[in-house]
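Undergrad: Got a file for you: protein00.cif, mmCIF, C-alpha atoms.
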data_data
#
loop_
_atom_site.label_atom_id
_atom_site.label_comp_id
_atom_site.auth_asym_id
_atom_site.auth_seq_id
_atom_site.Cartn_x
_atom_site.Cartn_y
_atom_site.Cartn_z
CA MET B 107 38.65 6.14 -57.20
CA THR B 108 39.53 9.76 -56.34
CA TRP B 109 39.27 11.25 -52.84
CA LEU B 110 35.93 12.91 -53.58
CA GLU B 111 34.58 9.60 -54.92
CA THR B 112 35.58 7.81 -51.70
CA SER B 113 33.15 7.48 -48.81
CA THR B 114 34.33 8.77 -45.45
CA GLU B 115 31.96 6.52 -43.48
CA ASN B 116 34.78 4.19 -42.41
CA CYS B 117 37.57 6.78 -42.30
CA THR B 118 40.17 5.78 -39.71
CA VAL B 119 41.08 9.42 -39.02
CA GLN B 120 37.44 10.08 -38.14
CA ARG B 121 37.30 6.96 -35.96
CA THR B 122 40.49 8.01 -34.17
CA LEU B 123 39.11 11.48 -33.54
CA ASP B 124 35.92 9.94 -32.17
CA LEU B 125 38.10 8.27 -29.51
CA ILE B 126 40.76 10.88 -28.72
CA GLY B 127 39.94 14.02 -30.68
CA GLU B 128 38.40 15.96 -27.82
CA LYS B 129 40.72 18.43 -26.06
CA TRP B 130 40.54 16.91 -22.57
CA SER B 131 41.17 13.39 -23.87
CA MET B 132 44.37 14.52 -25.55
CA LEU B 133 45.46 16.34 -22.39
CA VAL B 134 44.79 13.21 -20.29
CA LEU B 135 47.02 11.31 -22.72
CA ARG B 136 49.68 14.04 -22.56
CA ASP B 137 49.75 13.80 -18.77
CA ALA B 138 49.75 9.99 -18.83
CA MET B 139 52.72 10.06 -21.20
CA ASN B 140 54.49 12.25 -18.66
CA GLY B 141 53.91 9.89 -15.74
CA VAL B 142 50.60 11.05 -14.25
CA ARG B 143 48.58 8.00 -13.18
CA ARG B 144 46.12 8.92 -10.45
CA PHE B 145 42.70 10.52 -10.85
CA ASP B 146 43.33 13.33 -8.36
CA ASP B 147 46.70 14.13 -9.95
CA PHE B 148 45.13 14.37 -13.43
CA ARG B 149 42.33 16.57 -12.10
CA ARG B 150 44.62 18.86 -10.12
CA HIS B 151 47.27 19.19 -12.84
CA MET B 152 44.82 19.93 -15.66
CA GLY B 153 42.25 21.86 -13.64
CA LEU B 154 39.23 20.04 -15.00
CA SER B 155 36.15 18.87 -13.17
CA GLU B 156 35.77 15.38 -11.74
CA ALA B 157 32.82 14.75 -14.07
CA VAL B 158 34.73 15.67 -17.23
CA LEU B 159 37.78 13.63 -16.20
CA ALA B 160 35.66 10.61 -15.27
CA HIS B 161 33.87 10.83 -18.65
CA ARG B 162 37.17 10.91 -20.57
CA LEU B 163 38.60 7.99 -18.58
CA ARG B 164 35.39 6.00 -19.18
CA LYS B 165 36.05 6.43 -22.90
CA LEU B 166 39.82 5.79 -22.94
CA VAL B 167 39.81 2.67 -20.76
CA PRO B 168 37.20 0.64 -22.73
CA ALA B 169 38.95 1.72 -25.96
CA GLY B 170 42.09 0.00 -24.66
CA ILE B 171 44.17 3.20 -24.66
CA LEU B 172 44.48 3.27 -20.87
CA ARG B 173 44.20 0.40 -18.41
CA THR B 174 43.40 0.50 -14.72
CA VAL B 175 45.73 -0.89 -12.07
CA PRO B 176 44.45 -1.16 -8.49
CA TYR B 177 46.39 0.41 -5.63
CA ARG B 178 45.64 1.05 -2.00
CA GLU B 179 47.05 3.67 0.34
CA PRO B 180 47.24 2.53 3.98
CA GLY B 181 43.91 3.19 5.67
CA SER B 182 42.10 3.96 2.40
CA ARG B 183 39.91 2.04 0.01
CA THR B 184 41.28 0.45 -3.14
CA ARG B 185 41.53 2.90 -6.01
CA HIS B 186 42.85 2.68 -9.57
CA GLU B 187 45.76 4.19 -11.43
CA TYR B 188 45.47 4.81 -15.16
CA ARG B 189 48.37 3.56 -17.26
CA LEU B 190 48.92 3.71 -20.98
CA THR B 191 48.64 0.46 -22.88
CA ARG B 192 50.71 -0.33 -25.96
CA LYS B 193 47.79 1.09 -27.96
CA GLY B 194 48.04 4.26 -25.89
CA TRP B 195 51.82 4.54 -26.29
CA ASP B 196 51.35 4.15 -30.05
CA LEU B 197 49.86 7.67 -29.88
CA TRP B 198 53.21 9.07 -28.67
CA PRO B 199 54.34 10.11 -32.18
CA VAL B 200 51.01 11.91 -32.62
CA MET B 201 51.63 13.81 -29.37
CA ILE B 202 55.19 14.66 -30.45
CA ALA B 203 53.89 15.92 -33.80
CA LEU B 204 51.30 18.12 -32.06
CA LYS B 205 53.95 19.45 -29.67
CA GLN B 206 56.34 20.11 -32.54
CA TRP B 207 53.68 22.07 -34.45
CA GLY B 208 52.67 23.94 -31.29
CA ASP B 209 56.31 24.79 -30.48
CA ARG B 210 56.70 26.24 -33.96
CA TYR B 211 53.45 28.22 -34.14
CA THR B 212 52.01 28.80 -30.65
CA ALA B 213 54.91 28.91 -28.17
CA ASP B 214 55.77 31.94 -26.09
CA PRO B 215 58.48 34.22 -27.53
CA GLU B 216 60.99 32.62 -25.12
CA GLY B 217 60.39 29.21 -26.72
CA ALA B 218 58.77 25.91 -25.86
CA PRO B 219 57.72 25.21 -22.26
CA LEU B 220 59.01 21.60 -22.41
CA ASP B 221 61.64 19.75 -24.38
CA VAL B 222 61.53 16.08 -25.33
CA LEU B 223 65.11 14.87 -25.66
CA HIS B 224 66.86 11.67 -26.70
CA ARG B 225 68.23 9.95 -23.57
CA ASP B 226 71.47 8.91 -25.31
CA CYS B 227 72.59 12.22 -26.82
CA GLY B 228 70.30 14.93 -25.42
CA GLU B 229 69.13 16.12 -28.83
CA PRO B 230 65.45 17.02 -29.39
CA ALA B 231 63.04 14.34 -30.58
CA GLU B 232 60.90 15.17 -33.58
CA ALA B 233 58.11 13.52 -35.54
CA VAL B 234 58.95 12.79 -39.17
CA VAL B 235 57.02 11.00 -41.91
CA VAL B 236 59.30 8.45 -43.56
CA CYS B 237 59.02 6.05 -46.47
CA SER B 238 58.77 2.46 -45.24
CA GLY B 239 60.90 1.45 -48.24
CA GLY B 240 63.93 3.14 -46.72
CA HIS B 241 63.87 6.36 -48.74
CA GLY B 242 63.97 8.60 -45.66
CA ALA B 243 61.85 11.58 -44.71
CA LEU B 244 59.05 12.70 -47.02
CA THR B 245 57.44 16.04 -47.77
CA PRO B 246 53.72 16.27 -48.58
CA ARG B 247 54.57 16.71 -52.29
CA GLU B 248 56.50 13.43 -52.29
CA ALA B 249 53.50 11.40 -51.08
CA TYR B 250 50.10 10.62 -52.56
CA THR B 251 46.84 9.12 -51.35
CA ARG B 252 44.95 6.27 -52.97
CA ALA B 253 41.89 4.24 -52.05
CA GLY B 254 42.72 1.40 -49.66
CA ALA B 255 41.39 -2.13 -49.35
CA SER B 256 38.33 -1.11 -47.33
CA ALA B 257 37.45 1.99 -49.38
CA HIS B 258 33.82 2.36 -50.44
CA ALA B 259 32.42 4.57 -53.14
CA ALA B 260 30.77 7.78 -51.94
CA ARG B 261 26.99 7.87 -52.28
#
Could you rewrite the structure in this file as structure tokens?
TA:
Amino acid sequence: MTWLETSTENCTVQRTLDLIGEKWSMLVLRDAMNGVRRFDDFRRHMGLSEAVLAHRLRKLVPAGILRTVPYREPGSRTRHEYRLTRKGWDLWPVMIALKQWGDRYTADPEGAPLDVLHRDCGEPAEAVVVCSGGHGALTPREAYTRAGASAHAAR
């Protein structure tokens, strides 16, 4: 079955984008990956409205990408922090790949605004597509796509 003969109804890329493909959702994840946990800190740092932030969090928490953890400041009511789950942290390579592309094509002339570095040696981290058979990094020309186990024929 070729790509054009394959239905996209159960496409996992589409399903992923349905969960995290909106700009503010990705920026919430970016901030969470950089240690932001509290609603007011997300809102203030990103400059978005309470309604938009609340909507994004209401999508990311039930999806299991973020989890809530209660906390209470002295003299205040109990509130919740938002922390990445394992499922959320599994999006880290996606974020690194987006950053890497953005650093290459959209950064200011002076360079990238942030660096992600390896703690042990200080060298930059980068996203790379590798062969699971141990053949190292791949280019697009060295890979191909085929119908998977749950592929359906296009109608």
Undergrad: Could you name the residues that touch region 227-244 of chain B at 9 Å or less, counting only C-alpha atoms, but leaving out those on the same chain fewer than 2 positions away, as a list in words?
TA: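 Neighbouring residues, sequence-local ones excluded: Pro199, Val200, Met201, Ile202, Ala203, Leu204, Gln206, Asp221, Val222, Leu223, His224, Arg225, Pro246, Arg247, Glu248 and Ala249 of chain B.
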Undergrad: Applied to this file, what does the PyMOL selection byres ((chain B and resi 108) around 9) return in terms of residues, put as a tab-separated table (two decimals) with C-alpha atoms, in the coordinates of the input?
TA:
chain	number	residue	atom	x	y	z
B	107	MET	CA	38.65	6.14	-57.20
B	109	TRP	CA	39.27	11.25	-52.84
B	110	LEU	CA	35.93	12.91	-53.58
B	111	GLU	CA	34.58	9.60	-54.92
B	112	THR	CA	35.58	7.81	-51.70
B	251	THR	CA	46.84	9.12	-51.35
B	252	ARG	CA	44.95	6.27	-52.97
B	253	ALA	CA	41.89	4.24	-52.05
Undergrad: I'd like the neighbourhood of region 159-166 of chain B as a list in words, where a residue qualifies if any of its atoms comes within 6 Å (using all atoms listed in the file), though same-chain residues fewer than 4 positions away should be ignored.
TA: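 Within the cut-off, the hits are Ser131, Ile171 and Leu172 of chain B.
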Undergrad: Apply the PyMOL selection byres ((chain B and resi 114-117) around 12) to the displayed file and report the matching residues as a PyMOL selection string.
TA: chain B and resi 109-113+118-124+253-261
Undergrad: Please write as a list in words the full residue list that the PyMOL selection byres ((chain B and resi 146-153) around 10) yields on this file.
TA: Trp130, Leu133, Val134, Leu135, Asp137, Ala138, Val142, Arg143, Arg144, Phe145, Leu154, Ser155, Glu156, Ala157, Val158, Leu159, Ala160, Glu187 and Tyr188 of chain B
Undergrad: Residues near Gly170 (chain B), anyone? I mean within 12 Å using all atoms listed in the file, not counting same-chain ones fewer than 2 positions away, as a CSV table (one decimal) with C-alpha atoms, in the frame of the given file.
TA:
chain,number,residue,atom,x,y,z
B,125,LEU,CA,38.1,8.3,-29.5
B,126,ILE,CA,40.8,10.9,-28.7
B,163,LEU,CA,38.6,8.0,-18.6
B,164,ARG,CA,35.4,6.0,-19.2
B,165,LYS,CA,36.0,6.4,-22.9
B,166,LEU,CA,39.8,5.8,-22.9
B,167,VAL,CA,39.8,2.7,-20.8
B,168,PRO,CA,37.2,0.6,-22.7
B,172,LEU,CA,44.5,3.3,-20.9
B,173,ARG,CA,44.2,0.4,-18.4
B,174,THR,CA,43.4,0.5,-14.7
B,188,TYR,CA,45.5,4.8,-15.2
B,189,ARG,CA,48.4,3.6,-17.3
B,190,LEU,CA,48.9,3.7,-21.0
B,191,THR,CA,48.6,0.5,-22.9
B,192,ARG,CA,50.7,-0.3,-26.0
B,193,LYS,CA,47.8,1.1,-28.0
B,194,GLY,CA,48.0,4.3,-25.9
B,195,TRP,CA,51.8,4.5,-26.3
B,196,ASP,CA,51.4,4.2,-30.0
Undergrad: At what distance in Å, to one decimal, does CA of Lys205 (chain B) lie from CA of Met139 (chain B)?
TA: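 If I compute the distance from CA of Met139 (chain B) to CA of Lys205 (chain B), I get 12.7 Å.
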Undergrad: By how many Å are CA of Glu128 (chain B) and CA of Glu216 (chain B) apart?
TA: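 If I compute the distance from CA of Glu128 (chain B) to CA of Glu216 (chain B), I get 28.2 Å.
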Undergrad: For the atom pair CA of Tyr177 (chain B) and CA of Asn140 (chain B), what is the interatomic distance in Å to one decimal place?
TA: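 Answer for the CA of Tyr177 (chain B) to CA of Asn140 (chain B) separation: 19.4 Å.
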Undergrad: With only C-alpha atoms as the basis for distance, which of B:Val175, B:Met132, B:Ala218, B:Ala213 is at the shortest distance from Leu197 (chain B)?
TA: B:Met132
Undergrad: Which centre and edge lengths in Å to one decimal define the box along x, y and z that fits every listed atom of region 242-257 of chain B plus 6 Å per side, as JSON?
TA:
{"center_x": 50.7, "center_y": 7.3, "center_z": -48.8, "size_x": 38.5, "size_y": 30.8, "size_z": 20.3}
